[in-house]
>>> print(open('start.tsv').read())   # TSV, C-alpha atoms
chain	number	residue	atom	x	y	z
A	1	MET	CA	16.59	8.52	11.96
A	2	THR	CA	13.40	6.78	10.82
A	3	THR	CA	13.77	4.20	8.06
A	4	THR	CA	10.84	3.53	5.75
A	5	LEU	CA	10.21	0.99	3.00
A	6	ILE	CA	7.57	1.69	0.35
A	7	THR	CA	6.66	-1.08	-2.07
A	8	GLY	CA	5.87	-0.08	-5.65
A	9	ALA	CA	7.49	3.30	-5.08
A	10	ASN	CA	9.18	4.06	-8.40
A	11	LYS	CA	6.08	5.97	-9.64
A	12	GLY	CA	2.65	7.28	-8.69
A	13	LEU	CA	1.51	7.42	-5.09
A	14	GLY	CA	4.52	5.46	-3.88
A	15	PHE	CA	6.94	7.91	-5.48
A	16	GLU	CA	5.13	10.96	-4.10
A	17	THR	CA	4.96	9.40	-0.64
A	18	ALA	CA	8.69	8.70	-0.79
A	19	ARG	CA	9.38	12.29	-1.83
A	20	ARG	CA	7.39	13.65	1.10
A	21	LEU	CA	8.96	11.32	3.66
A	22	VAL	CA	12.49	12.07	2.46
A	23	ALA	CA	11.62	15.74	3.02
A	24	GLN	CA	10.54	14.78	6.56
A	25	GLY	CA	13.99	13.34	7.22
A	26	HIS	CA	13.22	9.65	6.71
A	27	THR	CA	15.69	7.26	5.16
A	28	VAL	CA	13.44	5.85	2.46
A	29	TYR	CA	13.79	2.61	0.52
A	30	VAL	CA	12.12	2.83	-2.87
A	31	GLY	CA	10.85	-0.70	-3.46
A	32	SER	CA	10.51	-1.65	-7.12
A	33	ARG	CA	10.29	-4.82	-9.20
A	34	ASP	CA	12.46	-3.23	-11.88
A	35	PRO	CA	16.02	-2.57	-10.61
A	36	GLU	CA	16.77	0.23	-13.08
A	37	ARG	CA	13.50	2.10	-12.53
A	38	GLY	CA	13.98	1.76	-8.81
A	39	ARG	CA	17.52	3.13	-8.98
A	40	ARG	CA	16.45	6.08	-11.13
A	41	ALA	CA	13.60	6.96	-8.78
A	42	ALA	CA	15.81	6.64	-5.69
A	43	THR	CA	18.49	8.84	-7.22
A	44	GLU	CA	15.94	11.51	-8.09
A	45	LEU	CA	14.49	11.41	-4.59
A	46	GLY	CA	17.68	11.14	-2.58
A	47	ALA	CA	16.52	7.76	-1.34
A	48	ARG	CA	17.78	4.17	-1.39
A	49	SER	CA	16.54	1.51	-3.78
A	50	VAL	CA	15.71	-2.11	-3.10
A	51	VAL	CA	14.44	-4.69	-5.55
A	52	ILE	CA	11.22	-6.25	-4.28
A	53	ASP	CA	8.58	-8.17	-6.21
A	54	VAL	CA	5.74	-8.68	-3.74
A	55	THR	CA	4.51	-11.73	-5.68
A	56	ASP	CA	7.79	-13.60	-5.18
A	57	ASP	CA	8.85	-15.16	-1.86
A	58	ALA	CA	12.56	-15.13	-2.66
A	59	SER	CA	12.52	-11.50	-3.81
A	60	VAL	CA	10.77	-10.33	-0.64
A	61	ALA	CA	13.06	-12.36	1.61
A	62	ALA	CA	16.13	-10.95	-0.15
A	63	ALA	CA	14.83	-7.40	0.24
A	64	ALA	CA	14.31	-7.97	3.96
A	65	LYS	CA	17.88	-9.19	4.33
A	66	THR	CA	19.16	-6.11	2.50
A	67	VAL	CA	17.21	-3.71	4.70
A	68	GLU	CA	18.23	-5.59	7.84
A	69	ALA	CA	21.90	-5.51	6.89
A	70	GLU	CA	21.72	-1.76	6.30
A	71	GLY	CA	20.23	-0.96	9.70
A	72	GLY	CA	16.63	-2.14	10.06
A	73	LEU	CA	13.13	-0.76	9.50
A	74	ASP	CA	10.67	1.48	11.33
A	75	VAL	CA	7.87	2.10	8.81
A	76	LEU	CA	6.46	-0.26	6.19
A	77	ILE	CA	4.09	1.07	3.53
A	78	ASN	CA	2.40	-1.66	1.51
A	79	ASN	CA	1.68	0.42	-1.57
A	80	ALA	CA	2.20	-2.01	-4.47
A	81	GLY	CA	-1.11	-2.94	-6.06
A	82	VAL	CA	-3.01	-3.56	-9.29
A	83	GLU	CA	-6.61	-2.99	-10.35
A	84	GLY	CA	-6.72	-5.46	-13.22
A	85	ARG	CA	-8.55	-3.52	-15.91
A	86	GLY	CA	-9.57	-5.08	-19.22
A	87	PRO	CA	-9.34	-4.01	-22.89
A	88	GLY	CA	-9.69	-0.29	-23.45
A	89	ASN	CA	-9.05	0.37	-19.75
A	90	SER	CA	-12.47	-1.07	-18.91
A	91	VAL	CA	-13.37	-2.19	-15.39
A	92	ILE	CA	-13.93	-5.96	-15.30
A	93	GLY	CA	-17.40	-6.54	-13.88
A	94	ALA	CA	-19.26	-9.53	-12.51
A	95	THR	CA	-20.15	-10.86	-15.96
A	96	GLU	CA	-16.56	-11.04	-17.18
A	97	VAL	CA	-14.50	-11.76	-14.07
A	98	THR	CA	-13.03	-15.24	-13.68
A	99	ALA	CA	-11.40	-17.09	-10.83
A	100	GLY	CA	-8.08	-16.83	-12.66
A	101	MET	CA	-8.38	-13.04	-12.82
A	102	MET	CA	-9.21	-12.91	-9.14
A	103	ARG	CA	-6.26	-15.13	-8.28
A	104	GLU	CA	-3.80	-13.02	-10.26
A	105	LEU	CA	-4.96	-9.78	-8.65
A	106	PHE	CA	-5.02	-11.26	-5.14
A	107	GLU	CA	-1.43	-12.44	-5.63
A	108	THR	CA	-0.29	-8.81	-5.59
A	109	ASN	CA	-2.92	-7.01	-3.53
A	110	VAL	CA	-3.52	-9.56	-0.78
A	111	PHE	CA	-0.89	-12.30	-0.72
A	112	GLY	CA	1.76	-9.68	-1.47
A	113	VAL	CA	0.83	-7.74	1.65
A	114	VAL	CA	1.03	-10.86	3.80
A	115	ARG	CA	4.28	-11.94	2.15
A	116	VAL	CA	5.92	-8.57	2.87
A	117	LEU	CA	4.58	-8.40	6.42
A	118	HIS	CA	5.83	-11.90	7.17
A	119	SER	CA	9.38	-11.08	6.06
A	120	PHE	CA	9.63	-7.61	7.60
A	121	LEU	CA	7.84	-8.13	10.92
A	122	PRO	CA	11.04	-9.23	12.71
A	123	LEU	CA	12.66	-5.94	11.68
A	124	LEU	CA	9.65	-3.86	12.71
A	125	GLN	CA	9.52	-5.54	16.10
A	126	ARG	CA	13.02	-4.24	16.82
A	127	SER	CA	11.97	-0.65	16.14
A	128	ALA	CA	11.14	1.74	18.97
A	129	SER	CA	8.14	3.10	17.04
A	130	PRO	CA	7.06	0.67	14.29
A	131	VAL	CA	4.31	1.58	11.84
A	132	VAL	CA	2.57	-0.28	9.02
A	133	VAL	CA	0.41	1.50	6.44
A	134	ASN	CA	-1.61	-0.70	4.09
A	135	LEU	CA	-3.02	0.88	0.93
A	136	SER	CA	-6.72	0.14	0.76
A	137	SER	CA	-9.58	1.80	-1.14
A	138	GLY	CA	-12.97	3.33	-0.51
A	139	LEU	CA	-14.22	0.45	-2.64
A	140	ALA	CA	-13.22	-1.87	0.21
A	141	SER	CA	-15.88	-0.31	2.42
A	142	LEU	CA	-18.98	-2.51	2.49
A	143	ALA	CA	-20.86	0.44	3.97
A	144	ARG	CA	-19.98	2.59	0.97
A	145	ILE	CA	-20.48	0.12	-1.86
A	146	THR	CA	-23.93	-0.83	-0.50
A	147	ASP	CA	-25.07	2.80	-0.21
A	148	PRO	CA	-26.79	3.92	-3.45
A	149	ALA	CA	-25.99	7.54	-2.56
A	150	ASP	CA	-22.23	6.89	-2.44
A	151	PRO	CA	-20.19	7.09	-5.69
A	152	ALA	CA	-18.49	3.79	-4.74
A	153	HIS	CA	-21.86	2.05	-5.21
A	154	ALA	CA	-21.61	2.54	-8.98
A	155	TYR	CA	-18.26	0.75	-9.38
A	156	PRO	CA	-18.95	-2.55	-11.20
A	157	GLY	CA	-15.67	-4.36	-10.56
A	158	VAL	CA	-15.42	-7.44	-8.35
A	159	ALA	CA	-11.77	-8.41	-7.91
A	160	TYR	CA	-10.27	-5.09	-6.85
A	161	PRO	CA	-12.83	-4.18	-4.14
A	162	ALA	CA	-12.73	-7.75	-2.82
A	163	SER	CA	-8.93	-7.65	-2.60
A	164	LYS	CA	-8.95	-4.38	-0.69
A	165	THR	CA	-11.65	-5.59	1.70
A	166	ALA	CA	-9.29	-8.49	2.40
A	167	VAL	CA	-6.50	-5.98	3.05
A	168	ASN	CA	-8.72	-4.28	5.62
A	169	THR	CA	-9.25	-7.59	7.42
A	170	ILE	CA	-5.51	-8.29	7.32
A	171	THR	CA	-4.91	-4.84	8.81
A	172	VAL	CA	-7.24	-5.45	11.75
A	173	GLN	CA	-5.91	-8.93	12.48
A	174	TYR	CA	-2.24	-7.89	12.39
A	175	ALA	CA	-3.00	-4.86	14.56
A	176	LYS	CA	-4.55	-7.14	17.19
A	177	ALA	CA	-1.70	-9.65	16.97
A	178	PHE	CA	1.01	-6.98	17.29
A	179	PRO	CA	-0.23	-4.26	19.67
A	180	GLY	CA	3.21	-2.66	19.74
A	181	ILE	CA	2.98	-1.86	16.01
A	182	ARG	CA	0.64	0.85	14.67
A	183	VAL	CA	-1.11	-0.95	11.76
A	184	ASN	CA	-3.67	0.97	9.68
A	185	ALA	CA	-5.31	0.93	6.27
A	186	VAL	CA	-5.70	4.09	4.20
A	187	GLU	CA	-7.93	5.23	1.35
A	188	PRO	CA	-5.99	7.71	-0.80
A	189	GLY	CA	-9.01	8.59	-2.94
A	190	PHE	CA	-9.53	8.31	-6.69
A	191	THR	CA	-6.06	9.42	-7.75
A	192	ALA	CA	-4.78	9.62	-11.31
A	193	THR	CA	-2.13	6.88	-11.54
A	194	ASP	CA	-1.18	4.05	-13.88
A	195	LEU	CA	-3.27	1.71	-11.71
A	196	ASN	CA	-6.50	3.17	-13.08
A	197	GLY	CA	-5.22	4.36	-16.44
A	198	ASN	CA	-4.86	7.88	-15.02
A	199	THR	CA	-8.64	8.27	-14.85
A	200	GLY	CA	-8.66	9.53	-11.26
A	201	PHE	CA	-9.59	13.14	-10.47
A	202	GLN	CA	-7.07	13.66	-7.65
A	203	THR	CA	-3.38	14.45	-8.02
A	204	VAL	CA	-0.76	12.21	-6.46
A	205	GLU	CA	0.03	15.05	-4.07
A	206	GLU	CA	-3.57	14.93	-2.80
A	207	GLY	CA	-3.68	11.14	-2.72
A	208	ALA	CA	-0.42	10.80	-0.79
A	209	GLU	CA	-1.62	13.08	2.02
A	210	ILE	CA	-3.24	10.37	4.15
A	211	ILE	CA	-0.45	7.87	3.45
A	212	VAL	CA	2.18	10.30	4.69
A	213	ARG	CA	0.06	11.33	7.67
A	214	MET	CA	-0.36	7.74	8.86
A	215	ALA	CA	3.31	6.94	8.20
A	216	LEU	CA	4.28	9.73	10.60
A	217	ILE	CA	2.18	8.65	13.60
A	218	GLY	CA	3.94	7.89	16.86
A	219	PRO	CA	3.50	5.16	19.49
A	220	ASP	CA	0.33	6.85	20.77
A	221	GLY	CA	-1.22	7.03	17.31
A	222	PRO	CA	-4.23	5.02	16.14
A	223	THR	CA	-4.06	1.38	15.17
A	224	SER	CA	-6.48	-1.09	13.58
A	225	GLY	CA	-8.15	1.77	11.69
A	226	PHE	CA	-9.25	2.68	8.18
A	227	PHE	CA	-8.70	6.33	7.25
A	228	ASP	CA	-8.89	8.81	4.40
A	229	ALA	CA	-7.82	12.46	4.40
A	230	SER	CA	-11.05	13.44	6.19
A	231	GLY	CA	-10.83	10.87	8.98
A	232	PRO	CA	-12.12	7.34	9.68
A	233	VAL	CA	-13.77	5.44	6.81
A	234	PRO	CA	-16.66	3.07	7.61
A	235	TRP	CA	-15.84	-0.59	7.21
>>> encode(input="start.tsv", output="structure tokens")
Amino acid sequence: MTTTLITGANKGLGFETARRLVAQGHTVYVGSRDPERGRRAATELGARSVVIDVTDDASVAAAAKTVEAEGGLDVLINNAGVEGRGPGNSVIGATEVTAGMMRELFETNVFGVVRVLHSFLPLLQRSASPVVVNLSSGLASLARITDPADPAHAYPGVAYPASKTAVNTITVQYAKAFPGIRVNAVEPGFTATDLNGNTGFQTVEEGAEIIVRMALIGPDGPTSGFFDASGPVPW
């Protein structure tokens, strides 16, 4: 039995990914900051719930102890993230962004990923087929945001793309450091979720496709890559 933890899984892409992996036979931990929302989601999905706030060292360490005590971990999906939109659901551009805004967003999107990896790596290293999937974005691709013909070029925000580019670097460095673990970043596409005020044009079913696909890879699967539903994404 494969055991999977998904952070930020009580709604949106995390919830849909959990639903699909439960259907694949995984024992899934629905990670959520809110205990009650996590429990409700887990009950609906036939999954387990674990309280985990990726911005808090003690919360992440406690979650790791819980998962370890209940049998260990094979797949970690770092899904929790924020975009940090402003008033009226506006994207915060270069004129308005501050260091404080960047710091707050990086606390979840970047430091949170490292915090969770640090606590759960010992469990993953005990697995026969460990996998890490880090949620990135097409906006993390320097090739795409510098190409005037690509829709990503028009996105004016600073903090969110920068945080996801950092996630891509983290993905590569951890993949090199732990060759026995399949570590990849994925771009789910512009999906309608609370993260973007439900402005995305994809459904969560469409967005979860690449997350689920990369969560299911075996020991011979790719590592140190960046993928969307169509294949590799340029860095």
>>> closest_residue(input="start.tsv", among="A:Arg213, A:Arg40, A:His153, A:Arg103", to="A:Glu187", atoms="only C-alpha atoms")
A:Arg213
>>> closest_residue(input="start.tsv", among="A:Thr223, A:Asn109, A:Gln173, A:Asn184", to="A:Pro161", atoms="all atoms listed in the file")
A:Asn109
>>> residues_near_point(input="start.tsv", point="(3.5, 0.5, 21.4)", cutoff="9 Å", atoms="only C-alpha atoms", output="mmCIF file with C-alpha atoms, in the frame of the given file")
data_model
loop_
_atom_site.group_PDB
_atom_site.id
_atom_site.type_symbol
_atom_site.label_atom_id
_atom_site.label_comp_id
_atom_site.auth_asym_id
_atom_site.auth_seq_id
_atom_site.Cartn_x
_atom_site.Cartn_y
_atom_site.Cartn_z
ATOM 1 C CA ALA A 128 11.140 1.740 18.970
ATOM 2 C CA SER A 129 8.140 3.100 17.040
ATOM 3 C CA PRO A 130 7.060 0.670 14.290
ATOM 4 C CA PHE A 178 1.010 -6.980 17.290
ATOM 5 C CA PRO A 179 -0.230 -4.260 19.670
ATOM 6 C CA GLY A 180 3.210 -2.660 19.740
ATOM 7 C CA ILE A 181 2.980 -1.860 16.010
ATOM 8 C CA ARG A 182 0.640 0.850 14.670
ATOM 9 C CA GLY A 218 3.940 7.890 16.860
ATOM 10 C CA PRO A 219 3.500 5.160 19.490
ATOM 11 C CA ASP A 220 0.330 6.850 20.770
#
>>> closest_residue(input="start.tsv", among="A:Val233, A:Ala208, A:Leu21, A:Val110", to="A:Leu142", atoms="only C-alpha atoms")
A:Val233
>>> residues_near_point(input="start.tsv", point="(1.2, 3.5, 6.3)", cutoff="6 Å", atoms="only C-alpha atoms", output="list of chain:residue names")
A:Ile77, A:Val132, A:Val133, A:Asn134, A:Ile211, A:Met214, A:Ala215
>>> closest_residue(input="start.tsv", among="A:Asp150, A:Asp53, A:Asp34, A:Asp228", to="A:Pro188", atoms="all atoms listed in the file")
A:Asp228
>>> residues_around(input="start.tsv", residues="A:Thr108", least_positions_apart="3", cutoff="10 Å", atoms="all atoms listed in the file", output="number ranges by chain")
A: 53-56, 80-83, 103-105, 111-115, 163
>>> atom_distance(input="start.tsv", atom1="atom CA of A:Arg37", atom2="atom CA of A:Leu13")
15.1 Å
>>> atom_distance(input="start.tsv", atom1="atom CA of A:Gly8", atom2="atom CA of A:Ala41")
10.9 Å
>>> closest_residue(input="start.tsv", among="A:Val204, A:Val158, A:Ala63, A:Val186", to="A:Val97", atoms="all atoms listed in the file")
A:Val158
>>> atom_distance(input="start.tsv", atom1="atom CA of A:Leu73", atom2="atom CA of A:Glu206")
26.0 Å
>>> closest_residue(input="start.tsv", among="A:Gly86, A:Gly14, A:Pro156, A:Gly46", to="A:Glu209", atoms="only C-alpha atoms")
A:Gly14
>>> residues_around(input="start.tsv", residues="A:Ala162", least_positions_apart="3", cutoff="9 Å", atoms="all atoms listed in the file", output="PDB file with C-alpha atoms, keeping the file's coordinate frame")
ATOM      1  CA  MET A 102      -9.210 -12.910  -9.140  1.00  0.00           C
ATOM      2  CA  PHE A 106      -5.020 -11.260  -5.140  1.00  0.00           C
ATOM      3  CA  LEU A 139     -14.220   0.450  -2.640  1.00  0.00           C
ATOM      4  CA  ALA A 140     -13.220  -1.870   0.210  1.00  0.00           C
ATOM      5  CA  GLY A 157     -15.670  -4.360 -10.560  1.00  0.00           C
ATOM      6  CA  VAL A 158     -15.420  -7.440  -8.350  1.00  0.00           C
ATOM      7  CA  ALA A 159     -11.770  -8.410  -7.910  1.00  0.00           C
ATOM      8  CA  THR A 165     -11.650  -5.590   1.700  1.00  0.00           C
ATOM      9  CA  ALA A 166      -9.290  -8.490   2.400  1.00  0.00           C
ATOM     10  CA  VAL A 167      -6.500  -5.980   3.050  1.00  0.00           C
TER      11      VAL A 167
END
>>> residues_around(input="start.tsv", residues="A:Ala154", least_positions_apart="6", cutoff="12 Å", atoms="only C-alpha atoms", output="ChimeraX atom specification")
/A:91,93,139,144-148
